[in-house]
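Enquirer: Structure file target_1.txt, compact mmCIF, C-alpha atoms, is pasted below:
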# COMPACT_ATOMS: atom_id res chain seq x y z
CA MET A 1 -16.33 39.25 -9.17
CA ALA A 2 -19.07 41.30 -10.89
CA ASP A 3 -21.99 41.91 -8.57
CA PRO A 4 -25.19 42.25 -10.63
CA PHE A 5 -26.82 44.36 -7.93
CA MET A 6 -24.06 46.97 -7.92
CA THR A 7 -24.74 48.90 -11.10
CA PRO A 8 -22.23 51.62 -11.98
CA GLU A 9 -24.62 54.24 -10.58
CA LEU A 10 -24.93 52.51 -7.23
CA VAL A 11 -21.19 51.96 -7.08
CA PHE A 12 -20.66 55.67 -7.64
CA ILE A 13 -23.13 56.60 -4.90
CA ALA A 14 -21.67 54.04 -2.51
CA ASN A 15 -18.12 55.23 -3.12
CA SER A 16 -18.80 58.95 -2.79
CA MET A 17 -21.13 58.76 0.21
CA LYS A 18 -19.64 59.85 3.50
CA HIS A 19 -19.76 57.12 6.09
CA VAL A 20 -22.12 58.96 8.43
CA LEU A 21 -24.61 59.14 5.56
CA LYS A 22 -24.33 55.40 4.99
CA LEU A 23 -25.11 54.85 8.67
CA LEU A 24 -28.05 57.27 8.50
CA SER A 25 -29.39 55.54 5.40
CA LEU A 26 -29.24 52.23 7.24
CA LEU A 27 -31.12 53.87 10.13
CA VAL A 28 -33.76 55.18 7.71
CA VAL A 29 -34.25 51.72 6.21
CA ILE A 30 -34.59 50.14 9.65
CA SER A 31 -37.03 52.87 10.72
CA ALA A 32 -39.10 52.33 7.59
CA LEU A 33 -39.27 48.62 8.36
CA TRP A 34 -40.34 49.43 11.91
CA ILE A 35 -43.08 51.82 10.78
CA GLY A 36 -44.18 49.21 8.27
CA LEU A 37 -44.47 46.66 11.05
CA LEU A 38 -46.48 49.12 13.13
CA GLN A 39 -48.97 49.67 10.35
CA ALA A 40 -49.22 46.07 9.18
CA SER A 41 -49.91 44.89 12.72
CA ILE A 42 -48.39 41.46 12.16
CA ILE A 43 -46.96 41.70 15.67
CA PRO A 44 -49.15 43.24 18.41
CA GLN A 45 -48.63 47.03 18.48
CA SER A 46 -47.53 47.05 22.11
CA HIS A 47 -44.58 44.83 21.23
CA THR A 48 -43.70 46.74 18.08
CA TRP A 49 -43.43 50.04 19.97
CA LEU A 50 -40.72 48.51 22.13
CA LEU A 51 -38.63 47.16 19.23
CA PRO A 52 -36.34 50.21 19.01
CA ILE A 53 -35.51 49.84 22.70
CA TYR A 54 -34.78 46.14 22.25
CA PHE A 55 -32.58 47.03 19.29
CA ILE A 56 -30.55 49.64 21.16
CA VAL A 57 -30.15 47.45 24.22
CA SER A 58 -29.06 44.51 22.05
CA LEU A 59 -26.54 46.72 20.28
CA GLY A 60 -25.20 47.87 23.65
CA CYS A 61 -24.94 44.32 24.95
CA TYR A 62 -23.23 43.19 21.76
CA GLY A 63 -20.73 46.01 22.11
CA LEU A 64 -19.99 45.12 25.75
CA LEU A 65 -19.65 41.48 24.78
CA MET A 66 -17.16 42.32 22.04
CA VAL A 67 -15.14 44.43 24.47
CA GLY A 68 -15.19 41.73 27.14
CA VAL A 69 -14.30 38.88 24.82
CA GLY A 70 -11.62 40.95 23.17
CA LEU A 71 -10.17 41.83 26.54
CA MET A 72 -10.04 38.18 27.60
CA ARG A 73 -8.45 37.13 24.33
CA PHE A 74 -6.12 40.15 24.14
CA PRO A 75 -2.94 38.83 22.56
CA THR A 76 0.13 39.39 24.74
CA CYS A 77 3.73 38.57 24.05
CA PRO A 78 5.79 38.58 27.25
CA GLN A 79 8.64 36.73 25.53
CA GLU A 80 9.07 39.64 23.15
CA ALA A 81 10.42 41.90 25.85
CA LEU A 82 13.19 39.41 26.55
CA LEU A 83 13.94 38.92 22.85
CA LEU A 84 14.12 42.66 22.47
CA GLN A 85 16.62 42.94 25.30
CA GLN A 86 18.77 40.33 23.57
CA ASP A 87 18.55 42.19 20.28
CA ILE A 88 19.51 45.44 21.97
CA ALA A 89 22.56 43.81 23.57
CA GLU A 90 23.62 42.31 20.25
CA ALA A 91 23.18 45.65 18.49
CA LYS A 92 25.13 47.57 21.14
CA ASP A 93 28.04 45.13 20.92
CA PHE A 94 28.27 45.35 17.17
CA LEU A 95 27.94 49.12 17.01
CA LYS A 96 30.42 49.76 19.80
CA GLN A 97 32.96 47.66 17.90
CA LYS A 98 32.38 49.72 14.79
CA GLY A 99 32.83 53.02 16.56
CA VAL A 100 29.25 54.17 16.86
CA ASP A 101 28.52 55.87 20.15
CA VAL A 102 25.91 53.76 21.97
CA GLY A 103 26.19 55.23 25.42
CA SER A 104 22.77 55.43 27.06
CA ASP A 105 20.86 58.71 26.74
CA MET B 106 5.91 42.37 -10.27
CA ASP B 107 9.58 41.65 -10.56
CA ALA B 108 10.75 41.25 -6.99
CA GLU B 109 14.36 42.05 -7.86
CA LYS B 110 13.51 45.53 -9.02
CA ASN B 111 11.75 46.67 -5.85
CA LYS B 112 13.31 49.23 -3.57
CA TYR B 113 11.98 49.99 -0.10
CA SER B 114 12.31 53.45 1.43
CA ILE B 115 11.96 53.21 5.20
CA ILE B 116 10.94 56.52 6.75
CA VAL B 117 11.75 56.85 10.44
CA PRO B 118 10.72 60.12 12.11
CA THR B 119 12.86 60.79 15.18
CA TYR B 120 12.92 63.13 18.13
CA ASN B 121 15.45 62.45 20.87
CA GLU B 122 16.13 58.89 19.78
CA ARG B 123 19.89 59.00 20.08
CA LEU B 124 20.27 55.39 21.20
CA ASN B 125 17.23 53.83 19.57
CA ILE B 126 18.05 55.05 16.08
CA ALA B 127 21.37 53.21 16.12
CA LEU B 128 19.70 50.03 17.39
CA ILE B 129 16.94 50.23 14.83
CA VAL B 130 19.36 50.78 11.94
CA TYR B 131 21.41 47.75 13.02
CA LEU B 132 18.29 45.59 13.22
CA ILE B 133 16.97 46.73 9.86
CA PHE B 134 20.25 45.82 8.20
CA LYS B 135 20.23 42.51 10.06
CA HIS B 136 16.76 41.49 8.87
CA LEU B 137 16.82 42.87 5.32
CA ARG B 138 19.98 41.19 4.07
CA ASP B 139 19.03 40.67 0.42
CA VAL B 140 16.67 43.57 -0.02
CA ASP B 141 17.30 46.87 -1.78
CA PHE B 142 16.35 49.54 0.74
CA GLU B 143 17.22 52.92 2.15
CA ILE B 144 16.48 54.41 5.57
CA ILE B 145 15.29 58.01 5.66
CA VAL B 146 15.70 59.58 9.08
CA VAL B 147 13.54 62.66 9.52
CA ASP B 148 14.84 64.25 12.70
CA ASP B 149 13.05 67.27 14.12
CA GLY B 150 16.08 69.07 15.53
CA SER B 151 16.66 66.69 18.45
CA PRO B 152 18.65 68.36 21.21
CA ASP B 153 20.17 65.04 22.37
CA GLY B 154 22.48 64.64 19.37
CA THR B 155 20.44 62.12 17.38
CA GLN B 156 21.74 63.57 14.13
CA GLU B 157 25.38 63.06 15.18
CA ILE B 158 24.66 59.40 15.75
CA VAL B 159 22.98 59.15 12.35
CA LYS B 160 26.10 60.62 10.74
CA GLN B 161 28.22 57.94 12.47
CA LEU B 162 25.83 55.32 11.14
CA GLN B 163 26.17 56.79 7.67
CA LYS B 164 29.94 56.33 7.86
CA LEU B 165 29.38 52.71 8.80
CA TYR B 166 26.62 51.74 6.41
CA GLY B 167 26.93 54.27 3.61
CA GLU B 168 25.23 57.55 2.83
CA ASP B 169 23.28 55.91 0.04
CA ARG B 170 21.65 53.52 2.52
CA ILE B 171 20.98 56.02 5.32
CA LEU B 172 19.61 59.41 4.40
CA LEU B 173 19.48 62.13 7.01
CA ARG B 174 16.82 64.67 6.12
CA PRO B 175 16.30 66.77 9.25
CA ARG B 176 13.94 69.61 10.01
CA ALA B 177 14.47 72.61 12.25
CA LYS B 178 11.98 71.75 14.96
CA LYS B 179 9.16 69.44 15.99
CA LEU B 180 6.65 69.73 13.20
CA GLY B 181 4.46 66.66 13.54
CA LEU B 182 4.24 63.17 12.12
CA GLY B 183 2.21 63.80 8.99
CA THR B 184 4.57 66.44 7.67
CA ALA B 185 7.52 64.21 8.63
CA TYR B 186 6.21 61.52 6.30
CA ILE B 187 5.60 64.04 3.53
CA HIS B 188 9.12 65.39 4.01
CA GLY B 189 10.58 61.89 3.91
CA LEU B 190 8.54 61.00 0.84
CA LYS B 191 10.16 63.81 -1.12
CA HIS B 192 13.53 62.10 -0.70
CA ALA B 193 12.35 58.53 -1.17
CA SER B 194 13.77 56.80 -4.23
CA GLY B 195 12.06 53.46 -3.67
CA ASN B 196 8.82 52.28 -5.21
CA PHE B 197 7.66 51.16 -1.78
CA VAL B 198 7.63 53.13 1.46
CA VAL B 199 7.68 51.73 4.99
CA ILE B 200 6.76 53.88 7.95
CA MET B 201 7.73 52.84 11.44
CA ASP B 202 8.47 54.29 14.87
CA ALA B 203 12.02 54.86 16.06
CA ASP B 204 11.54 53.76 19.66
CA LEU B 205 11.76 50.00 19.00
CA SER B 206 8.07 49.40 19.69
CA HIS B 207 8.10 48.32 16.03
CA HIS B 208 10.66 45.56 15.54
CA PRO B 209 12.42 45.43 12.16
CA LYS B 210 12.24 41.63 12.22
CA TYR B 211 8.71 41.95 10.83
CA LEU B 212 9.87 43.81 7.72
CA PRO B 213 10.37 40.60 5.70
CA SER B 214 6.80 39.51 6.47
CA PHE B 215 5.45 42.85 5.27
CA ILE B 216 7.41 42.52 2.04
CA LYS B 217 6.41 38.89 1.55
CA LYS B 218 2.73 39.66 2.11
CA GLN B 219 2.82 42.44 -0.44
CA LEU B 220 4.57 40.29 -3.05
CA GLU B 221 2.11 37.44 -2.49
CA THR B 222 -1.05 39.52 -2.69
CA GLY B 223 -0.05 42.55 -4.74
CA ALA B 224 -1.59 44.72 -2.04
CA SER B 225 -1.27 48.51 -2.12
CA ILE B 226 -0.89 48.69 1.65
CA VAL B 227 0.28 46.14 4.20
CA THR B 228 -0.48 47.22 7.76
CA GLY B 229 0.79 45.64 10.96
CA THR B 230 -1.86 44.59 13.45
CA ARG B 231 -1.27 43.95 17.12
CA TYR B 232 -4.70 42.52 17.77
CA VAL B 233 -4.69 39.17 15.97
CA THR B 234 -3.21 35.79 16.86
CA GLY B 235 0.47 35.88 16.15
CA GLY B 236 0.60 39.52 17.12
CA GLY B 237 0.36 41.04 20.55
CA VAL B 238 1.24 43.76 22.97
CA HIS B 239 3.59 43.71 25.95
CA GLY B 240 3.72 46.35 28.63
CA TRP B 241 0.08 47.35 28.88
CA ASN B 242 -1.86 47.03 32.12
CA LEU B 243 -5.50 45.96 32.29
CA MET B 244 -6.85 49.50 32.11
CA ARG B 245 -4.82 50.25 29.01
CA LYS B 246 -5.97 47.05 27.32
CA LEU B 247 -9.57 47.85 28.22
CA THR B 248 -9.41 51.33 26.70
CA SER B 249 -7.68 49.98 23.64
CA ARG B 250 -10.28 47.26 23.14
CA GLY B 251 -13.19 49.63 23.84
CA ALA B 252 -11.81 52.19 21.40
CA ASN B 253 -11.35 49.52 18.77
CA VAL B 254 -14.89 48.12 19.11
CA LEU B 255 -16.30 51.64 18.88
CA ALA B 256 -14.24 52.42 15.78
CA GLN B 257 -15.20 49.12 14.13
CA THR B 258 -18.90 49.74 14.82
CA LEU B 259 -18.91 53.35 13.65
CA LEU B 260 -16.43 53.29 10.79
CA TRP B 261 -16.34 49.74 9.29
CA PRO B 262 -12.69 50.41 8.48
CA GLY B 263 -11.73 47.03 7.06
CA VAL B 264 -8.65 46.64 9.27
CA SER B 265 -8.31 45.31 12.79
CA ASP B 266 -5.71 47.80 14.06
CA LEU B 267 -6.59 51.37 13.21
CA THR B 268 -4.04 53.34 15.19
CA GLY B 269 -1.04 51.24 14.25
CA SER B 270 1.80 53.05 12.50
CA PHE B 271 3.89 50.17 11.21
CA ARG B 272 2.92 50.03 7.55
CA LEU B 273 4.18 49.32 4.04
CA TYR B 274 2.73 51.39 1.21
CA LYS B 275 3.21 51.48 -2.52
CA LYS B 276 4.82 54.88 -2.91
CA SER B 277 2.15 56.21 -5.27
CA VAL B 278 -0.58 55.08 -2.88
CA LEU B 279 1.02 56.82 0.10
CA GLU B 280 1.37 60.01 -1.89
CA ASP B 281 -2.28 59.83 -2.88
CA VAL B 282 -3.63 59.11 0.61
CA ILE B 283 -1.40 61.48 2.55
CA SER B 284 -2.43 64.45 0.45
CA SER B 285 -6.00 64.20 1.71
CA CYS B 286 -5.23 63.73 5.42
CA VAL B 287 -5.26 66.61 7.87
CA SER B 288 -5.40 65.10 11.37
CA LYS B 289 -2.61 64.97 13.92
CA GLY B 290 -1.12 62.26 16.10
CA TYR B 291 -2.66 58.83 16.15
CA VAL B 292 -5.90 60.10 14.59
CA PHE B 293 -3.69 60.81 11.58
CA GLN B 294 -2.80 57.10 11.36
CA MET B 295 -6.50 56.26 11.56
CA GLU B 296 -7.37 58.79 8.90
CA MET B 297 -4.72 57.38 6.55
CA ILE B 298 -5.97 53.83 6.71
CA VAL B 299 -9.67 54.74 6.61
CA ARG B 300 -9.21 57.02 3.60
CA ALA B 301 -7.21 54.31 1.85
CA SER B 302 -9.97 51.85 2.60
CA ARG B 303 -12.64 54.21 1.25
CA LYS B 304 -10.63 54.77 -1.91
CA GLY B 305 -10.75 51.05 -2.50
CA TYR B 306 -7.06 50.30 -2.11
CA HIS B 307 -6.17 46.66 -1.50
CA ILE B 308 -5.08 46.46 2.15
CA GLU B 309 -3.58 43.39 3.79
CA GLU B 310 -2.58 42.82 7.42
CA VAL B 311 0.30 41.02 9.06
CA PRO B 312 0.55 40.25 12.80
CA ILE B 313 3.18 42.24 14.68
CA THR B 314 4.21 42.38 18.30
CA PHE B 315 4.42 45.71 20.04
CA VAL B 316 6.63 46.19 23.07
CA ASP B 317 5.67 49.36 24.89
CA ARG B 318 8.85 50.50 26.60
CA VAL B 319 7.62 53.86 27.68
CA PHE B 320 6.19 52.62 30.94
CA GLY B 321 4.23 55.09 32.98
CA SER B 322 3.65 57.57 30.21
CA SER B 323 0.76 55.57 28.83
CA LYS B 324 -0.74 58.88 27.74
CA LEU B 325 -4.37 57.92 28.01
CA GLY B 326 -5.92 60.67 30.06
CA GLY B 327 -9.35 62.21 29.60
CA SER B 328 -8.12 64.61 26.94
CA GLU B 329 -6.78 61.73 24.80
CA ILE B 330 -10.17 60.03 24.96
CA VAL B 331 -11.91 63.24 23.92
CA GLU B 332 -9.46 63.65 21.04
CA TYR B 333 -10.16 60.09 19.97
CA LEU B 334 -13.93 60.57 20.00
CA LYS B 335 -13.61 63.81 18.07
CA GLY B 336 -11.40 61.96 15.59
CA LEU B 337 -14.02 59.22 15.14
CA ILE B 338 -16.77 61.74 14.48
CA TYR B 339 -14.53 63.64 12.07
CA LEU B 340 -13.79 60.43 10.16
CA MET B 341 -17.45 59.41 10.08
CA VAL B 342 -18.42 62.71 8.56
CA THR B 343 -15.58 63.25 6.12
CA THR B 344 -14.75 59.79 4.76
What would you get if you wrote out this structure as structure tokens?
Expert:
Amino acid sequence: MADPFMTPELVFIANSMKHVLKLLSLLVVISALWIGLLQASIIPQSHTWLLPIYFIVSLGCYGLLMVGVGLMRFPTCPQEALLLQQDIAEAKDFLKQKGVDVGSD
Amino acid sequence: MDAEKNKYSIIVPTYNERLNIALIVYLIFKHLRDVDFEIIVVDDGSPDGTQEIVKQLQKLYGEDRILLRPRAKKLGLGTAYIHGLKHASGNFVVIMDADLSHHPKYLPSFIKKQLETGASIVTGTRYVTGGGVHGWNLMRKLTSRGANVLAQTLLWPGVSDLTGSFRLYKKSVLEDVISSCVSKGYVFQMEMIVRASRKGYHIEEVPITFVDRVFGSSKLGGSEIVEYLKGLIYLMVTT
């Protein structure tokens, strides 16, 4: 269970950091990598300048994909409505017998 | 943990649930035969006579099993839970809705999951296999899915169903989490589970089915969406 990378100090920082700061830190790291790439010129500069746009577009597409797939696979339970009606009938019968007022509201 | 010594306090906030409260009490007793539990009804001064029905149920099932702890008027969900908590004698607390969208037949699976894993919180999720929703049209499902993807991306909450309100908590954990939550409505449910996740509490999920019987009042207008987005930003910044 012990993670050698997560020293007590890092654990403390990670636990007390607000989530928006975690996201911003991630953004800073990604930006630093991007600037590093720009300076190191491993990839042609013209391509590197467009990387942020590729990143944002990919993120958007991923998001839309997750929504679409989730929508298609949205779990439904039509039989539950029927089961519920049966349960309600059973409950009403029992309660009426025992003197509880179950007239509809 | 010795299973025999566990007691479950089920808090049910009600407002104008004259018929549903009777049905829900019957179903809870039906599905929790060998479990030590109590039902705490927190009624916000319902004008339709909900409290009279609860008193009839108390005569039938016993005042030690059904506690009626009303309030004078509609004061909101969060404070209803806090109010119910004050009267809870169990070491576990279940929160659920009174309108039968949450079916008591899932209570044993919540309890079983908690005993198996020792989790601090067991939350019902509608969005996994074995769970599901009935009564939502395509638009409603789309908004729900979109909202969920956005929340997962922005918050990394660690649960699949953020706005669900069918949950089992260790009593001490609920007391701890609820004291730091300030939101209202369904954002309150989100805040509870996100704060619990941030605090490192062990959270497990069980699939539940959700039957939306309030057709037509799907309450997802523009203002709800704005509230939701504001809630997300609030949670990003404060948790």
Enquirer: Using only C-alpha atoms, tabulate the residues of chain B lying at most 8 Å from any atom of chain A, each with its closest atom pair and that distance in Å to one decimal, by chain and increasing residue number, as JSON lines.
Expert:
{"residue": "B:Arg123", "atom": "CA", "partner": "A:Asp105", "partner_atom": "CA", "distance": 6.7}
{"residue": "B:Leu124", "atom": "CA", "partner": "A:Val102", "partner_atom": "CA", "distance": 5.9}
{"residue": "B:Ala127", "atom": "CA", "partner": "A:Val102", "partner_atom": "CA", "distance": 7.4}
{"residue": "B:Leu128", "atom": "CA", "partner": "A:Ala91", "partner_atom": "CA", "distance": 5.7}
{"residue": "B:Tyr131", "atom": "CA", "partner": "A:Ala91", "partner_atom": "CA", "distance": 6.1}
{"residue": "B:Leu132", "atom": "CA", "partner": "A:Ala91", "partner_atom": "CA", "distance": 7.2}
{"residue": "B:Asp153", "atom": "CA", "partner": "A:Asp105", "partner_atom": "CA", "distance": 7.7}
{"residue": "B:Ile158", "atom": "CA", "partner": "A:Asp101", "partner_atom": "CA", "distance": 6.8}
{"residue": "B:Gln161", "atom": "CA", "partner": "A:Val100", "partner_atom": "CA", "distance": 5.9}
{"residue": "B:Leu162", "atom": "CA", "partner": "A:Val100", "partner_atom": "CA", "distance": 6.8}
{"residue": "B:Leu165", "atom": "CA", "partner": "A:Lys98", "partner_atom": "CA", "distance": 7.3}
{"residue": "B:Arg231", "atom": "CA", "partner": "A:Pro75", "partner_atom": "CA", "distance": 7.7}
{"residue": "B:Tyr232", "atom": "CA", "partner": "A:Pro75", "partner_atom": "CA", "distance": 6.3}
{"residue": "B:Val233", "atom": "CA", "partner": "A:Pro75", "partner_atom": "CA", "distance": 6.8}
{"residue": "B:Thr234", "atom": "CA", "partner": "A:Pro75", "partner_atom": "CA", "distance": 6.5}
{"residue": "B:Gly235", "atom": "CA", "partner": "A:Pro75", "partner_atom": "CA", "distance": 7.8}
{"residue": "B:Gly236", "atom": "CA", "partner": "A:Pro75", "partner_atom": "CA", "distance": 6.5}
{"residue": "B:Gly237", "atom": "CA", "partner": "A:Pro75", "partner_atom": "CA", "distance": 4.5}
{"residue": "B:Val238", "atom": "CA", "partner": "A:Thr76", "partner_atom": "CA", "distance": 4.8}
{"residue": "B:His239", "atom": "CA", "partner": "A:Cys77", "partner_atom": "CA", "distance": 5.5}
{"residue": "B:Lys246", "atom": "CA", "partner": "A:Leu71", "partner_atom": "CA", "distance": 6.7}
{"residue": "B:Leu247", "atom": "CA", "partner": "A:Leu71", "partner_atom": "CA", "distance": 6.3}
{"residue": "B:Arg250", "atom": "CA", "partner": "A:Val67", "partner_atom": "CA", "distance": 5.8}
{"residue": "B:Gly251", "atom": "CA", "partner": "A:Val67", "partner_atom": "CA", "distance": 5.6}
{"residue": "B:Val254", "atom": "CA", "partner": "A:Val67", "partner_atom": "CA", "distance": 6.5}
{"residue": "B:Leu255", "atom": "CA", "partner": "A:Gly63", "partner_atom": "CA", "distance": 7.9}
{"residue": "B:Leu260", "atom": "CA", "partner": "A:His19", "partner_atom": "CA", "distance": 6.9}
{"residue": "B:Arg303", "atom": "CA", "partner": "A:Asn15", "partner_atom": "CA", "distance": 7.1}
{"residue": "B:Lys304", "atom": "CA", "partner": "A:Asn15", "partner_atom": "CA", "distance": 7.6}
{"residue": "B:Thr314", "atom": "CA", "partner": "A:Cys77", "partner_atom": "CA", "distance": 6.9}
{"residue": "B:Val316", "atom": "CA", "partner": "A:Ala81", "partner_atom": "CA", "distance": 6.4}
{"residue": "B:Leu340", "atom": "CA", "partner": "A:His19", "partner_atom": "CA", "distance": 7.9}
{"residue": "B:Met341", "atom": "CA", "partner": "A:Val20", "partner_atom": "CA", "distance": 5.0}
{"residue": "B:Val342", "atom": "CA", "partner": "A:Val20", "partner_atom": "CA", "distance": 5.3}
{"residue": "B:Thr343", "atom": "CA", "partner": "A:Lys18", "partner_atom": "CA", "distance": 5.9}
{"residue": "B:Thr344", "atom": "CA", "partner": "A:Lys18", "partner_atom": "CA", "distance": 5.1}
Enquirer: As AutoDock Vina command-line options, please report the centre and edge lengths, rounded to one decimal in Å, of the axis-aligned box that holds all listed atoms of segment 165-171 of chain B with 5 Å of padding on each of the six sides.
Expert:
--center_x 25.2 --center_y 54.6 --center_z 4.4 --size_x 18.4 --size_y 15.8 --size_z 18.8
Enquirer: Between atom CA of Tyr113 of chain B and atom CA of Gly195 of chain B, what is the distance in Å, rounded to a tenth?
Expert: 5.0 Å
Enquirer: Report, in Å with one decimal, the straight-line distance from atom CA of Ser277 of chain B to atom CA of Lys112 of chain B.
Expert: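 A separation of 13.3 Å between them.
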Enquirer: I need the residue nearest Tyr333 of chain B from this list: B:Glu296, B:Asp317, B:Glu310, B:Asp149. Use only C-alpha atoms for the distance.
Expert: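 Counting only C-alpha atoms, the residue closest to Tyr333 of chain B is B:Glu296.
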Enquirer: Tell me which of B:Gly305, B:Gly150, B:Pro118, B:Gly336 sits closest to Ser225 of chain B, counting only C-alpha atoms.
Expert: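 For Ser225 of chain B, the nearest of the candidates is B:Gly305.
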Enquirer: For atom CA of Tyr120 of chain B and atom CA of Pro152 of chain B, determine how far apart the two atoms are, in Å to one decimal place.
Expert: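 Between these atoms lies a distance of 8.3 Å.
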Enquirer: Could you name the residues that touch Gly181 of chain B at 12 Å or less, counting all atoms listed in the file, but leaving out those on the same chain fewer than 6 positions away, as a ChimeraX atom specification?
Expert: /B:118-120,147-149,187-188,287-291,293
Enquirer: Need to verify the contact set: Thr48 of chain A, 9 Å, all atoms listed in the file, exclusion of same-chain residues closer than 2 positions in sequence. Can you return it as an mmCIF file with C-alpha atoms, in the coordinates of the input?
Expert:
data_model
loop_
_atom_site.group_PDB
_atom_site.id
_atom_site.type_symbol
_atom_site.label_atom_id
_atom_site.label_comp_id
_atom_site.auth_asym_id
_atom_site.auth_seq_id
_atom_site.Cartn_x
_atom_site.Cartn_y
_atom_site.Cartn_z
ATOM 1 C CA TRP A 34 -40.340 49.430 11.910
ATOM 2 C CA ILE A 35 -43.080 51.820 10.780
ATOM 3 C CA LEU A 37 -44.470 46.660 11.050
ATOM 4 C CA LEU A 38 -46.480 49.120 13.130
ATOM 5 C CA SER A 41 -49.910 44.890 12.720
ATOM 6 C CA ILE A 43 -46.960 41.700 15.670
ATOM 7 C CA PRO A 44 -49.150 43.240 18.410
ATOM 8 C CA GLN A 45 -48.630 47.030 18.480
ATOM 9 C CA SER A 46 -47.530 47.050 22.110
ATOM 10 C CA LEU A 50 -40.720 48.510 22.130
ATOM 11 C CA LEU A 51 -38.630 47.160 19.230
ATOM 12 C CA PRO A 52 -36.340 50.210 19.010
#
